[in-house]
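A quick write-up on the structure given underneath.
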Amino acid sequence: MNTPWHILGAGSLGCLWATRLSRAGLPVRIILRNQQRLADYRDAGGLRLIEAEQASLFPLTAELPATDTPIRRLLVACKAYDAETAVAEVSARLQPGAEILLLQNGLGSQQAVAARWPSCRSIFISSTEGAYRRKDFEVLHAGQGQNWLGDPLDHNPPPWLAELAAAGIPCDWTDNIEARLWRKLALNCAINPLTVLHDCRNGELLAHREQLHLLCVELSLILNACNQAEAADELEAEVLRVITATASNYSSMHQDVHNGRRTEISFLLGHACRTAQQYGLKVSELNALFKRLQAFLVQHGLPQD
Ligand code: NAD
Ligand code: KPL
């Protein structure tokens, strides 16, 4: 019998993973926050995945955090600010040596989970796939991408990696997952806050080249200081490339703010500024950007962390 995949967080990426794993014949159980969400899920009849305009329904088993089924493999698909609390709610069910896969953007939440549950194996994931919820329990697969998986403490890939590929989940193992996460964090720090403050699409940032340059210089300083020289390589050129390739898109942070949703700022720009402080680095552009963004969020009735 295959080890069941427990999916914690039935949002965009959680649904995208759960439905593809189930379609491949693997046992999947989704964990919903409370009785109300469970009742809503039962009314919906399952998870719906929309791909190439085709909708498919997956009536997966759903359960509450407090049930007593043991967990050997847990995919945490919550936002970074919810991840540690969500894992805590199911921690009594985690078996010794259980695997915790962490799908969060940014940095900080993965390290918090890995440090708090050291008897589990924490696997970090950096994802460039795109999905969004059309309504509760209905997800649209909007962008092809890649999932990089890695474990900073153990470079051996897990034996089930091929299961993911067979389920149509694009994935690769990396010995340096932190470099991948740092690189994405740096791109997000250079692009996302400016799109919020200028209320613009990614492409319009090309009018702010000097500011982008200064941010990339400071981000590279941070990356080099914390041994992530690989992630600093040609950072500014990649920022400009991403801005051009996604010119007509709104960044994910812009979309969050526009829709009145909490951002993951603490795990992106906040993490970069805290790291600079730890290393005694002077990063006045990043600090000023962080303060302006926090003030903007407060003015718009959103949490500043
Ligand atoms: P989402 O908001 O769509 O889904 C998160 C889900 O977690 C929600 O359904 C929420 O109710 C649930 N949740 C929160 N706390 C919970 C708890 N205690 N118990 C059970 N469920 C709980 O988020 P998302 O867009 O899927 O993003 C997840 C992570 O993946 C984020 O860090 C995001 O930045 C990253 N990411 C998302 C995408 C994307 O296209 N959506 C792409 C790349 C990376
Ligand atoms: O990942 C992104 C986002 O919008 O969050 C990109 C497109 C790279 C912009 O930072």
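Just remember, in the structure tokens the first chain shown is A, the second B, etc., residues are 1-based per chain, and ligands are 1-based in the order shown.
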Contacts of ligand 2, 7 Å or closer, only C-alpha atoms and all ligand atoms, given as an MDAnalysis selection string:
chainID A and resid 184 187:188 191:192 242 246 250:253
Do you have, as a Markdown table, the list of residues of chain A lying at most 6 Å from ligand 1, each with its nearest atom pair and that distance in Å to one decimal, counting only C-alpha atoms and all ligand atoms and ordered by chain then number?
| residue | atom | partner | partner_atom_place_in_ligand_line | distance |
| --- | --- | --- | --- | --- |
| A:Leu8 | CA | ligand 1 | 20 (C) | 5.3 |
| A:Gly9 | CA | ligand 1 | 7 (O) | 3.4 |
| A:Ala10 | CA | ligand 1 | 9 (O) | 4.5 |
| A:Gly11 | CA | ligand 1 | 4 (O) | 3.2 |
| A:Ser12 | CA | ligand 1 | 26 (O) | 3.7 |
| A:Leu13 | CA | ligand 1 | 26 (O) | 3.8 |
| A:Gly14 | CA | ligand 1 | 26 (O) | 5.7 |
| A:Ile31 | CA | ligand 1 | 20 (C) | 5.9 |
| A:Leu32 | CA | ligand 1 | 20 (C) | 4.7 |
| A:Arg33 | CA | ligand 1 | 20 (C) | 4.0 |
| A:Ala77 | CA | ligand 1 | 28 (C) | 4.9 |
| A:Cys78 | CA | ligand 1 | 7 (O) | 3.7 |
| A:Lys79 | CA | ligand 1 | 32 (O) | 4.1 |
| A:Ala80 | CA | ligand 1 | 32 (O) | 4.8 |
| A:Asp82 | CA | ligand 1 | 15 (N) | 5.0 |
| A:Ala86 | CA | ligand 1 | 18 (N) | 3.6 |
| A:Leu103 | CA | ligand 1 | 30 (O) | 5.4 |
| A:Gln104 | CA | ligand 1 | 32 (O) | 3.5 |
| A:Asn105 | CA | ligand 1 | 32 (O) | 4.0 |
| A:Ser127 | CA | ligand 1 | 43 (C) | 4.9 |
| A:Thr128 | CA | ligand 1 | 43 (C) | 5.1 |
| A:Glu129 | CA | ligand 1 | 42 (C) | 5.2 |
| A:Gly130 | CA | ligand 1 | 40 (O) | 3.4 |
| A:Ala131 | CA | ligand 1 | 40 (O) | 4.0 |
| A:Tyr132 | CA | ligand 1 | 41 (N) | 5.4 |
I'd like the neighbourhood of Glu163 (chain A) as a PDB file with C-alpha atoms, in the first residue's frame, where a residue qualifies if any of its atoms comes within 12 Å (using only C-alpha atoms), though same-chain residues fewer than 5 positions away should be ignored.
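File produced: out30.pdb:
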ATOM      1  CA  ASN A   2       1.387   3.413  -1.002  1.00  0.00           C
ATOM      2  CA  THR A   3       1.954   5.978   1.749  1.00  0.00           C
ATOM      3  CA  TRP A   5      -0.342  12.003   0.767  1.00  0.00           C
ATOM      4  CA  ARG A  20      -2.946  15.375  -9.936  1.00  0.00           C
ATOM      5  CA  LEU A  21      -1.726  12.887  -7.308  1.00  0.00           C
ATOM      6  CA  SER A  22      -5.180  11.374  -7.075  1.00  0.00           C
ATOM      7  CA  ARG A  23      -5.551  11.190 -10.857  1.00  0.00           C
ATOM      8  CA  ALA A  24      -2.364   9.097 -10.877  1.00  0.00           C
ATOM      9  CA  GLY A  25      -4.039   6.604  -8.529  1.00  0.00           C
ATOM     10  CA  LEU A  26      -2.162   7.642  -5.374  1.00  0.00           C
ATOM     11  CA  PRO A  27      -3.981   7.787  -2.027  1.00  0.00           C
ATOM     12  CA  PRO A 158      13.293  10.542  -1.657  1.00  0.00           C
ATOM     13  CA  GLY A 168       2.362  14.964 -14.203  1.00  0.00           C
ATOM     14  CA  ILE A 169       3.851  17.190 -11.492  1.00  0.00           C
ATOM     15  CA  PRO A 170       6.978  18.713 -13.021  1.00  0.00           C
ATOM     16  CA  CYS A 171       9.728  18.275 -10.453  1.00  0.00           C
ATOM     17  CA  ASP A 172      13.458  18.092 -10.017  1.00  0.00           C
TER      18      ASP A 172
END
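All residues within region 208-241 of chain A that the backbone DSSP calculation assigns to alpha helix (DSSP H) are Arg209, Glu210, Gln211, Leu212, His213, Leu214, Leu215, Cys216, Val217, Glu218, Leu219, Ser220, Leu221, Ile222, Leu223, Asn224, Ala225, Ala229, Glu230, Ala231, Ala232, Leu235, Glu236, Ala237, Glu238, Val239, Leu240 and Arg241 of chain A.
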Expressed in Å to a single decimal, how great is the separation between CA of Pro152 (chain A) and CA of Ala115 (chain A)?
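Interatomic distance, CA of Pro152 (chain A) to CA of Ala115 (chain A): 12.1 Å.
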Extract, using only C-alpha atoms, all DNA, RNA and protein residues at most 10 Å from Arg134 (chain A), discarding same-chain residues fewer than 6 positions from it, and format them as a list in words.
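Neighbouring residues, sequence-local ones excluded: Ser12, Arg48, Ile50 and Leu140 of chain A.
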Mind dumping the selected residues with N, CA, C and O atoms as an mmCIF file, in the first residue's frame?
data_model
loop_
_atom_site.group_PDB
_atom_site.id
_atom_site.type_symbol
_atom_site.label_atom_id
_atom_site.label_comp_id
_atom_site.auth_asym_id
_atom_site.auth_seq_id
_atom_site.Cartn_x
_atom_site.Cartn_y
_atom_site.Cartn_z
ATOM 1 N N SER A 12 -5.026 27.078 -3.803
ATOM 2 C CA SER A 12 -4.660 26.927 -5.217
ATOM 3 C C SER A 12 -3.660 25.784 -5.429
ATOM 4 O O SER A 12 -3.945 24.821 -6.155
ATOM 5 N N ARG A 48 -12.331 20.489 -7.744
ATOM 6 C CA ARG A 48 -12.414 20.602 -9.204
ATOM 7 C C ARG A 48 -11.127 21.190 -9.756
ATOM 8 O O ARG A 48 -10.671 22.237 -9.291
ATOM 9 N N ILE A 50 -9.376 22.634 -13.218
ATOM 10 C CA ILE A 50 -9.656 23.078 -14.587
ATOM 11 C C ILE A 50 -8.335 23.238 -15.333
ATOM 12 O O ILE A 50 -7.465 23.994 -14.909
ATOM 13 N N LEU A 140 -7.867 26.642 -11.072
ATOM 14 C CA LEU A 140 -7.516 26.695 -12.483
ATOM 15 C C LEU A 140 -5.997 26.629 -12.612
ATOM 16 O O LEU A 140 -5.291 27.429 -11.979
#
DSSP-assigned strand (DSSP E) members of region 68-142 of chain A, reported as a PyMOL selection string:
chain A and resi 71-76+94-102+121-127+130-135+138-142
Only C-alpha atoms, please: the residues just picked out, written as a compact mmCIF listing (two decimals), in the first residue's frame.
# COMPACT_ATOMS: atom_id res chain seq x y z
CA ILE A 71 0.58 11.11 8.93
CA ARG A 72 3.73 9.87 7.21
CA ARG A 73 3.83 12.34 4.31
CA LEU A 74 2.44 15.85 4.64
CA LEU A 75 2.34 18.47 1.90
CA VAL A 76 1.92 21.90 3.50
CA LEU A 94 3.09 12.99 12.64
CA GLN A 95 4.87 9.64 12.78
CA PRO A 96 8.60 9.48 13.64
CA GLY A 97 10.54 10.07 10.42
CA ALA A 98 7.49 11.56 8.66
CA GLU A 99 8.18 13.75 5.65
CA ILE A 100 6.94 17.35 5.61
CA LEU A 101 6.95 18.98 2.18
CA LEU A 102 6.87 22.76 2.38
CA ARG A 121 12.32 15.19 7.34
CA SER A 122 11.50 18.68 6.02
CA ILE A 123 11.70 18.98 2.24
CA PHE A 124 11.56 22.51 0.84
CA ILE A 125 9.91 23.24 -2.52
CA SER A 126 10.36 26.23 -4.80
CA SER A 127 7.52 26.33 -7.31
CA GLY A 130 0.72 29.00 -11.50
CA ALA A 131 -2.76 28.26 -10.19
CA TYR A 132 -5.62 30.27 -8.81
CA ARG A 133 -8.95 29.57 -7.19
CA ARG A 134 -12.05 30.45 -9.18
CA LYS A 135 -14.14 29.64 -6.15
CA GLU A 138 -12.10 24.86 -7.69
CA VAL A 139 -8.66 25.59 -9.08
CA LEU A 140 -7.52 26.69 -12.48
CA HIS A 141 -4.09 25.53 -13.62
CA ALA A 142 -2.96 28.82 -15.10
One decimal place gives the CA of Ser56 (chain A)-CA of Ala162 (chain A) separation as 23.6 Å
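Of the listed residues (A:Arg183, A:His254, A:Leu268, A:Glu178), A:Arg183 comes nearest to Glu234 (chain A); the distances count only C-alpha atoms.
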Excluding His155 (chain A) and residues on its chain fewer than 3 positions from it, collect all residues at most 8 Å away from it, counting only C-alpha atoms, and give them as a ChimeraX atom specification.
/A:150-152,174-175
For the selection just defined, write its residues with N, CA, C and O atoms to a file, as a PDB file, in the first residue's frame.
ATOM      1  N   GLY A 150      14.192  19.991  -2.383  1.00  0.00           N
ATOM      2  CA  GLY A 150      15.495  19.732  -1.791  1.00  0.00           C
ATOM      3  C   GLY A 150      15.417  19.731  -0.285  1.00  0.00           C
ATOM      4  O   GLY A 150      14.453  20.223   0.303  1.00  0.00           O
ATOM      5  N   ASP A 151      16.435  19.141   0.318  1.00  0.00           N
ATOM      6  CA  ASP A 151      16.512  19.067   1.775  1.00  0.00           C
ATOM      7  C   ASP A 151      17.908  19.547   2.167  1.00  0.00           C
ATOM      8  O   ASP A 151      18.895  18.872   1.868  1.00  0.00           O
ATOM      9  N   PRO A 152      18.009  20.719   2.822  1.00  0.00           N
ATOM     10  CA  PRO A 152      19.325  21.256   3.157  1.00  0.00           C
ATOM     11  C   PRO A 152      20.145  20.323   4.054  1.00  0.00           C
ATOM     12  O   PRO A 152      21.362  20.400   4.071  1.00  0.00           O
ATOM     13  N   THR A 174      17.155  19.103  -6.132  1.00  0.00           N
ATOM     14  CA  THR A 174      18.351  19.943  -6.146  1.00  0.00           C
ATOM     15  C   THR A 174      19.108  19.800  -4.822  1.00  0.00           C
ATOM     16  O   THR A 174      18.484  19.666  -3.769  1.00  0.00           O
ATOM     17  N   ASP A 175      20.442  19.846  -4.917  1.00  0.00           N
ATOM     18  CA  ASP A 175      21.264  19.800  -3.703  1.00  0.00           C
ATOM     19  C   ASP A 175      21.314  21.166  -3.035  1.00  0.00           C
ATOM     20  O   ASP A 175      21.847  21.296  -1.939  1.00  0.00           O
TER      21      ASP A 175
END
Shell of 9 Å around Leu185 (chain A), only C-alpha atoms, local chain residues under 3 positions omitted, as an NGL selection string:
:A and (105-107 or 180-182 or 188-190 or 267-269 or 271-272)
Kindly save the residues from that selection, with N, CA, C and O atoms included, as an mmCIF file, in the first residue's frame.
data_model
loop_
_atom_site.group_PDB
_atom_site.id
_atom_site.type_symbol
_atom_site.label_atom_id
_atom_site.label_comp_id
_atom_site.auth_asym_id
_atom_site.auth_seq_id
_atom_site.Cartn_x
_atom_site.Cartn_y
_atom_site.Cartn_z
ATOM 1 N N ASN A 105 6.375 30.132 -0.519
ATOM 2 C CA ASN A 105 7.243 31.098 -1.175
ATOM 3 C C ASN A 105 8.048 31.827 -0.096
ATOM 4 O O ASN A 105 7.670 31.830 1.064
ATOM 5 N N GLY A 106 9.145 32.462 -0.485
ATOM 6 C CA GLY A 106 9.940 33.225 0.470
ATOM 7 C C GLY A 106 10.772 32.307 1.348
ATOM 8 O O GLY A 106 10.947 31.115 1.062
ATOM 9 N N LEU A 107 11.271 32.857 2.433
ATOM 10 C CA LEU A 107 12.098 32.082 3.369
ATOM 11 C C LEU A 107 11.722 32.427 4.795
ATOM 12 O O LEU A 107 11.226 33.517 5.069
ATOM 13 N N ARG A 180 17.851 28.200 -4.676
ATOM 14 C CA ARG A 180 16.637 28.410 -5.502
ATOM 15 C C ARG A 180 15.673 29.338 -4.798
ATOM 16 O O ARG A 180 15.086 30.224 -5.407
ATOM 17 N N LEU A 181 15.451 29.088 -3.488
ATOM 18 C CA LEU A 181 14.487 29.903 -2.735
ATOM 19 C C LEU A 181 14.991 31.344 -2.585
ATOM 20 O O LEU A 181 14.217 32.295 -2.704
ATOM 21 N N TRP A 182 16.311 31.489 -2.357
ATOM 22 C CA TRP A 182 16.869 32.837 -2.239
ATOM 23 C C TRP A 182 16.751 33.593 -3.563
ATOM 24 O O TRP A 182 16.472 34.784 -3.597
ATOM 25 N N ASN A 188 11.475 38.418 -6.313
ATOM 26 C CA ASN A 188 10.212 38.929 -5.756
ATOM 27 C C ASN A 188 10.426 40.253 -5.010
ATOM 28 O O ASN A 188 9.592 41.143 -5.073
ATOM 29 N N CYS A 189 11.574 40.370 -4.293
ATOM 30 C CA CYS A 189 11.838 41.610 -3.539
ATOM 31 C C CYS A 189 12.100 42.785 -4.481
ATOM 32 O O CYS A 189 11.731 43.921 -4.181
ATOM 33 N N ALA A 190 12.764 42.503 -5.614
ATOM 34 C CA ALA A 190 13.066 43.594 -6.541
ATOM 35 C C ALA A 190 11.803 44.045 -7.280
ATOM 36 O O ALA A 190 11.637 45.238 -7.564
ATOM 37 N N PHE A 267 8.052 37.251 4.797
ATOM 38 C CA PHE A 267 8.885 36.129 4.364
ATOM 39 C C PHE A 267 9.645 36.482 3.079
ATOM 40 O O PHE A 267 10.384 35.662 2.559
ATOM 41 N N LEU A 268 9.424 37.703 2.578
ATOM 42 C CA LEU A 268 10.112 38.163 1.361
ATOM 43 C C LEU A 268 11.005 39.347 1.755
ATOM 44 O O LEU A 268 12.093 39.147 2.270
ATOM 45 N N LEU A 269 10.505 40.575 1.552
ATOM 46 C CA LEU A 269 11.307 41.757 1.881
ATOM 47 C C LEU A 269 11.687 41.784 3.366
ATOM 48 O O LEU A 269 12.803 42.167 3.731
ATOM 49 N N HIS A 271 12.219 39.274 5.338
ATOM 50 C CA HIS A 271 13.297 38.305 5.578
ATOM 51 C C HIS A 271 14.631 38.866 5.076
ATOM 52 O O HIS A 271 15.665 38.724 5.735
ATOM 53 N N ALA A 272 14.594 39.527 3.901
ATOM 54 C CA ALA A 272 15.830 40.103 3.347
ATOM 55 C C ALA A 272 16.374 41.178 4.302
ATOM 56 O O ALA A 272 17.578 41.183 4.615
#
Rounded to one decimal place, report the CA of Pro59 (chain A)-CA of Gln146 (chain A) distance in Å.
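Value for the CA of Pro59 (chain A)-CA of Gln146 (chain A) distance: 26.2 Å.
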Show me, as a ChimeraX atom specification, the residues that have an atom within 8 Å of Leu212 (chain A) when counting only C-alpha atoms, minus same-chain residues fewer than 2 positions from it.
/A:190-191,208-210,214-216,236
Between A:Leu16, A:Pro159, A:Asp136, A:Ile30, which one has atoms that come closest to Ala44 (chain A), using only C-alpha atoms?
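Of A:Leu16, A:Pro159, A:Asp136, A:Ile30, the one nearest Ala44 (chain A) is A:Asp136, counting only C-alpha atoms.
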Between A:Arg261, A:Arg29, A:Lys282, A:Arg93, single out the one closest to Gly46 (chain A), counting only C-alpha atoms.
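So, comparing all the options, the nearest one is A:Arg29.
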